[in-house]
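Visitor: Attaching a single structure in structure tokens format; questions to follow.
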Amino acid sequence: MSLPVTHRHIEVFRAVMTAGSVTGAAQLLFTSQPTISRELARMESLLGYALFERTAGRLRPTARALALFDEVQRAYQGLDQVVARAQSLGRAEDERLRVLTLPALAHALLPDASADWLTRHPQAELTLTPQESPLLEEWMAAQRFDIGLSEVSATVPGTRSETLAELDEVCVLPAGHRLLERQVLTPQDFEGERFVSLSAEDPYRRQFDAIFASAGVRRRLQMETHSAIAVCALVQKNLGIALVNPLTARACSGPDLHLRPFSVSVPFRIQALWPLHRAAHALTQDFIDAVRRALAPAMASQLHAGKAKRR
């Protein structure tokens with residue numbers, strides 16, 4: 001049978017340990033010294049051992065009291081966190097927004113969007129969790145995050161979706177490559193070229209393979225990897241050319257990596273997933289607006305590339 005020690009007894013014990021005296025504890029708890037002494041004696045009686053040595057009217061904590069105080073302090077620290085969280089829930093600016101996103105977007109899109117959002121909401125907190133499909137969709141269906149950013153167009157149970165952008169996959173080439181002379185690359189331009197592929201199970205890989213097979217184009221498939229970021233890094237090292245999503249391509253572009261439009265449209269869709277059964281975060285829409293602003297340069301670039309394709 002558990003001891004009938006109450007929260008009041010623990011509160012009195014903590015006050016005595018904190019203040020160092022019965023008088024100080026009484027002041028902390030806005031009560032009288034006899035009340036403190038009575039509650040403390042009652043607690044010791046219930047525990048069956050002394051918590052303090054009483055010498056010349058002063059209290060000296062025993063080893064057991066010191067060990068118990070460590071445990072009490074840990075418990076109160078946890079309670080303080082609960083209280084702080086309860087108070088912050090009334091202030092949207094102090095809330096933490098939890099975003100689940102594709103790794104490619106965490107690298108290529110969300111740094112700019114996050115900087116924009118945090119500039120507008122400097123007291124808010126943000127957690128970005130990268131995850132690949134299908135786990136991303138499973139976690140959103142489980143209502144674990146405030147917003148999700150995916151590329152899957154299929155309906156995810158327990159969510160509603162909103163298309164933020166639809167961009168075309170682009171060609172990436174290393175510096176000095178002969179095909180940089182062309183403004184737009186066609187499937188035939190890839191004949192005999194070393195090609196860095198996405199992994200065999202990637203849906204974009206299957207689309208690319210189908211396009212080149214239909215065109216009768218044979219590429220030199222020597223390397224493959226699971227991420228668009230890795231594809232770009234390999235292309236930078238002149239290990240081949242590739243097709244990747246335009247956001248990763250733009251983020252990795254520079255003196256060693258160049259972009260060209262592809263004549264065949266392979267859409268890269270960005271979907272926002274909103275949980276239907278999770279309390280709506282007050283600042284979620286502001287974050288999506290920041291994502292849209294971060295997408296604007298890529299949208300403008302695609303518009304320019306579309307004009308080049310039509311020439």
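Convention: chains lettered A, B, ... in structure tokens order; per-chain residue numbering from 1; ligands numbered from 1 as shown.
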DSSP on the backbone, helix (DSSP H, G or I) only: what residues of range 78-261 of chain A does that give? Format it as an MDAnalysis selection string.

Guide: chainID A and resid 78:88 92:94 103:108 110:120 135:141 178:181 187:190 203:214 228:236 246:252

Visitor: Please, could you write that set of residues out with C-alpha atoms as an mmCIF file, in the first residue's frame?

Guide:
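Below is the file that was written, out16.cif:
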data_model
loop_
_atom_site.group_PDB
_atom_site.id
_atom_site.type_symbol
_atom_site.label_atom_id
_atom_site.label_comp_id
_atom_site.auth_asym_id
_atom_site.auth_seq_id
_atom_site.Cartn_x
_atom_site.Cartn_y
_atom_site.Cartn_z
ATOM 1 C CA GLY A 78 8.789 19.153 -15.361
ATOM 2 C CA LEU A 79 5.791 20.949 -13.871
ATOM 3 C CA ASP A 80 7.334 24.317 -14.751
ATOM 4 C CA GLN A 81 7.623 23.160 -18.363
ATOM 5 C CA VAL A 82 3.967 22.148 -18.356
ATOM 6 C CA VAL A 83 2.960 25.555 -16.986
ATOM 7 C CA ALA A 84 5.126 27.375 -19.535
ATOM 8 C CA ARG A 85 3.586 25.329 -22.334
ATOM 9 C CA ALA A 86 0.072 26.025 -21.060
ATOM 10 C CA GLN A 87 0.791 29.748 -21.054
ATOM 11 C CA SER A 88 2.416 29.733 -24.506
ATOM 12 C CA ALA A 92 0.334 32.089 -31.292
ATOM 13 C CA GLU A 93 3.682 33.815 -31.718
ATOM 14 C CA ASP A 94 5.229 31.534 -29.086
ATOM 15 C CA PRO A 103 14.228 16.027 -48.077
ATOM 16 C CA ALA A 104 14.633 17.756 -51.459
ATOM 17 C CA LEU A 105 12.368 20.599 -50.315
ATOM 18 C CA ALA A 106 14.132 20.855 -46.945
ATOM 19 C CA HIS A 107 17.330 21.518 -48.874
ATOM 20 C CA ALA A 108 16.149 23.593 -51.803
ATOM 21 C CA LEU A 110 12.403 25.663 -47.094
ATOM 22 C CA PRO A 111 15.566 27.549 -46.044
ATOM 23 C CA ASP A 112 14.291 30.655 -47.871
ATOM 24 C CA ALA A 113 10.685 30.099 -46.777
ATOM 25 C CA SER A 114 11.748 29.557 -43.152
ATOM 26 C CA ALA A 115 13.871 32.710 -43.100
ATOM 27 C CA ASP A 116 10.940 34.695 -44.498
ATOM 28 C CA TRP A 117 8.464 33.226 -41.977
ATOM 29 C CA LEU A 118 10.712 33.677 -38.936
ATOM 30 C CA THR A 119 11.426 37.275 -39.928
ATOM 31 C CA ARG A 120 7.682 37.928 -39.811
ATOM 32 C CA LEU A 135 6.375 7.451 -44.713
ATOM 33 C CA LEU A 136 5.708 11.159 -45.198
ATOM 34 C CA GLU A 137 2.119 10.470 -46.217
ATOM 35 C CA GLU A 138 1.676 7.887 -43.434
ATOM 36 C CA TRP A 139 2.831 10.361 -40.780
ATOM 37 C CA MET A 140 0.533 13.061 -42.122
ATOM 38 C CA ALA A 141 -2.384 10.614 -42.085
ATOM 39 C CA ARG A 178 29.291 20.240 -75.134
ATOM 40 C CA LEU A 179 25.484 20.274 -74.699
ATOM 41 C CA LEU A 180 25.621 23.620 -72.895
ATOM 42 C CA GLU A 181 25.642 25.174 -76.369
ATOM 43 C CA PRO A 187 15.856 13.112 -75.602
ATOM 44 C CA GLN A 188 18.032 12.585 -78.708
ATOM 45 C CA ASP A 189 20.734 14.838 -77.212
ATOM 46 C CA PHE A 190 21.329 12.188 -74.521
ATOM 47 C CA PRO A 203 8.911 7.116 -59.940
ATOM 48 C CA TYR A 204 10.794 9.849 -61.803
ATOM 49 C CA ARG A 205 13.434 7.332 -62.835
ATOM 50 C CA ARG A 206 10.688 5.194 -64.369
ATOM 51 C CA GLN A 207 9.317 8.199 -66.265
ATOM 52 C CA PHE A 208 12.751 9.157 -67.593
ATOM 53 C CA ASP A 209 13.507 5.589 -68.678
ATOM 54 C CA ALA A 210 10.170 5.399 -70.511
ATOM 55 C CA ILE A 211 10.829 8.684 -72.353
ATOM 56 C CA PHE A 212 14.264 7.605 -73.570
ATOM 57 C CA ALA A 213 13.057 4.113 -74.476
ATOM 58 C CA SER A 214 10.203 5.575 -76.522
ATOM 59 C CA ALA A 228 18.415 14.581 -56.378
ATOM 60 C CA ILE A 229 21.016 16.340 -54.208
ATOM 61 C CA ALA A 230 23.401 13.429 -54.708
ATOM 62 C CA VAL A 231 22.662 13.429 -58.453
ATOM 63 C CA CYS A 232 23.713 17.078 -58.684
ATOM 64 C CA ALA A 233 26.865 16.461 -56.665
ATOM 65 C CA LEU A 234 27.869 13.650 -59.043
ATOM 66 C CA VAL A 235 27.156 15.783 -62.104
ATOM 67 C CA GLN A 236 29.322 18.542 -60.633
ATOM 68 C CA PRO A 246 14.139 22.262 -60.699
ATOM 69 C CA LEU A 247 14.340 23.342 -57.045
ATOM 70 C CA THR A 248 17.268 21.088 -56.210
ATOM 71 C CA ALA A 249 18.900 21.984 -59.523
ATOM 72 C CA ARG A 250 18.632 25.716 -58.794
ATOM 73 C CA ALA A 251 19.910 25.285 -55.233
ATOM 74 C CA CYS A 252 22.963 23.345 -56.462
#

Visitor: Pull the strand (DSSP E or B) assignments for range 182-280 of chain A out of DSSP run on the backbone, and list those residues as number ranges by chain.

Guide: A: 185, 194-198, 220-225, 241-244, 254, 257-262, 267-275

Visitor: What separation in Å, quoted to one decimal, exists between CA of Ser161 in chain A and CA of Ala294 in chain A?

Guide: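 Atom-to-atom, CA of Ser161 in chain A and CA of Ala294 in chain A are spaced 19.0 Å apart.
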
Visitor: Just want the 9 Å neighbourhood of range 54-64 of chain A, counted on only C-alpha atoms, with same-chain residues fewer than 3 positions away dropped. Output as a short mmCIF file (atom, residue, chain, number, x, y, z; two decimals) with N, CA, C and O atoms, in the first residue's frame.

Guide:
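Dumped to selection01.cif:
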data_model
loop_
_atom_site.label_atom_id
_atom_site.label_comp_id
_atom_site.auth_asym_id
_atom_site.auth_seq_id
_atom_site.Cartn_x
_atom_site.Cartn_y
_atom_site.Cartn_z
N VAL A 16 10.84 24.25 2.78
CA VAL A 16 11.83 24.24 3.87
C VAL A 16 13.23 24.06 3.30
O VAL A 16 14.18 24.74 3.71
N MET A 17 13.38 23.15 2.33
CA MET A 17 14.69 22.92 1.73
C MET A 17 15.16 24.16 0.97
O MET A 17 16.34 24.51 1.00
N GLY A 20 15.62 27.06 3.76
CA GLY A 20 16.61 26.73 4.77
C GLY A 20 16.12 26.83 6.19
O GLY A 20 16.89 26.61 7.13
N SER A 21 14.83 27.17 6.37
CA SER A 21 14.28 27.30 7.72
C SER A 21 12.76 27.22 7.66
O SER A 21 12.15 27.41 6.60
N VAL A 22 12.17 26.94 8.81
CA VAL A 22 10.70 26.91 8.90
C VAL A 22 10.14 28.31 8.68
O VAL A 22 9.11 28.49 8.01
N TYR A 49 10.71 7.93 8.82
CA TYR A 49 12.09 8.31 9.09
C TYR A 49 12.19 9.84 9.11
O TYR A 49 11.35 10.55 8.56
N ALA A 50 13.25 10.33 9.78
CA ALA A 50 13.44 11.77 9.93
C ALA A 50 14.05 12.35 8.65
O ALA A 50 14.92 11.74 8.04
N LEU A 51 13.59 13.53 8.28
CA LEU A 51 14.14 14.24 7.13
C LEU A 51 15.14 15.31 7.57
O LEU A 51 15.99 15.73 6.76
N ALA A 67 18.51 13.43 -0.95
CA ALA A 67 18.16 12.58 -2.09
C ALA A 67 16.72 12.83 -2.54
O ALA A 67 16.43 12.90 -3.75
N LEU A 68 15.83 12.99 -1.57
CA LEU A 68 14.43 13.26 -1.90
C LEU A 68 14.28 14.62 -2.58
O LEU A 68 13.50 14.77 -3.54
N PHE A 69 15.04 15.60 -2.13
CA PHE A 69 14.95 16.94 -2.71
C PHE A 69 15.38 16.94 -4.18
O PHE A 69 14.79 17.64 -5.00
#

Visitor: Rank nothing, just name the residue among A:Ala165, A:Gln302, A:Gln27, A:Ala200 nearest to Ile270 in chain A, using only C-alpha atoms.

Guide: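 Smallest distance to Ile270 in chain A is found for A:Ala165.
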
Visitor: List as a list in words the protein and nucleic acid residues near Leu259 in chain A, meaning an atom at most 7 Å away when only C-alpha atoms are counted, but skip any in the same chain fewer than 4 places from it.

Guide: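 Here the qualifying residues turn out to be Val170, Cys171, Val172 and Leu173 of chain A.
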
Visitor: What's the separation between CA of Pro157 in chain A and CA of Ala142 in chain A, in Å to one decimal place?

Guide: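 Going from CA of Pro157 in chain A over to CA of Ala142 in chain A covers 8.8 Å.
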
Visitor: Counting only C-alpha atoms, which of A:Gln183, A:Asn238, A:Gln131, A:Gln143 gets nearest to Leu276 in chain A?

Guide: A:Gln143

Visitor: Grab the CA of Val266 in chain A to CA of Ile147 in chain A distance for me, in Å with one decimal place.

Guide: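 Separating CA of Val266 in chain A from CA of Ile147 in chain A is a distance of 25.7 Å.
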
Visitor: Measuring atom to atom with only C-alpha atoms, identify which of A:Arg293, A:His177, A:Arg218, A:His281 is nearest to Gly240 in chain A.

Guide: A:His177
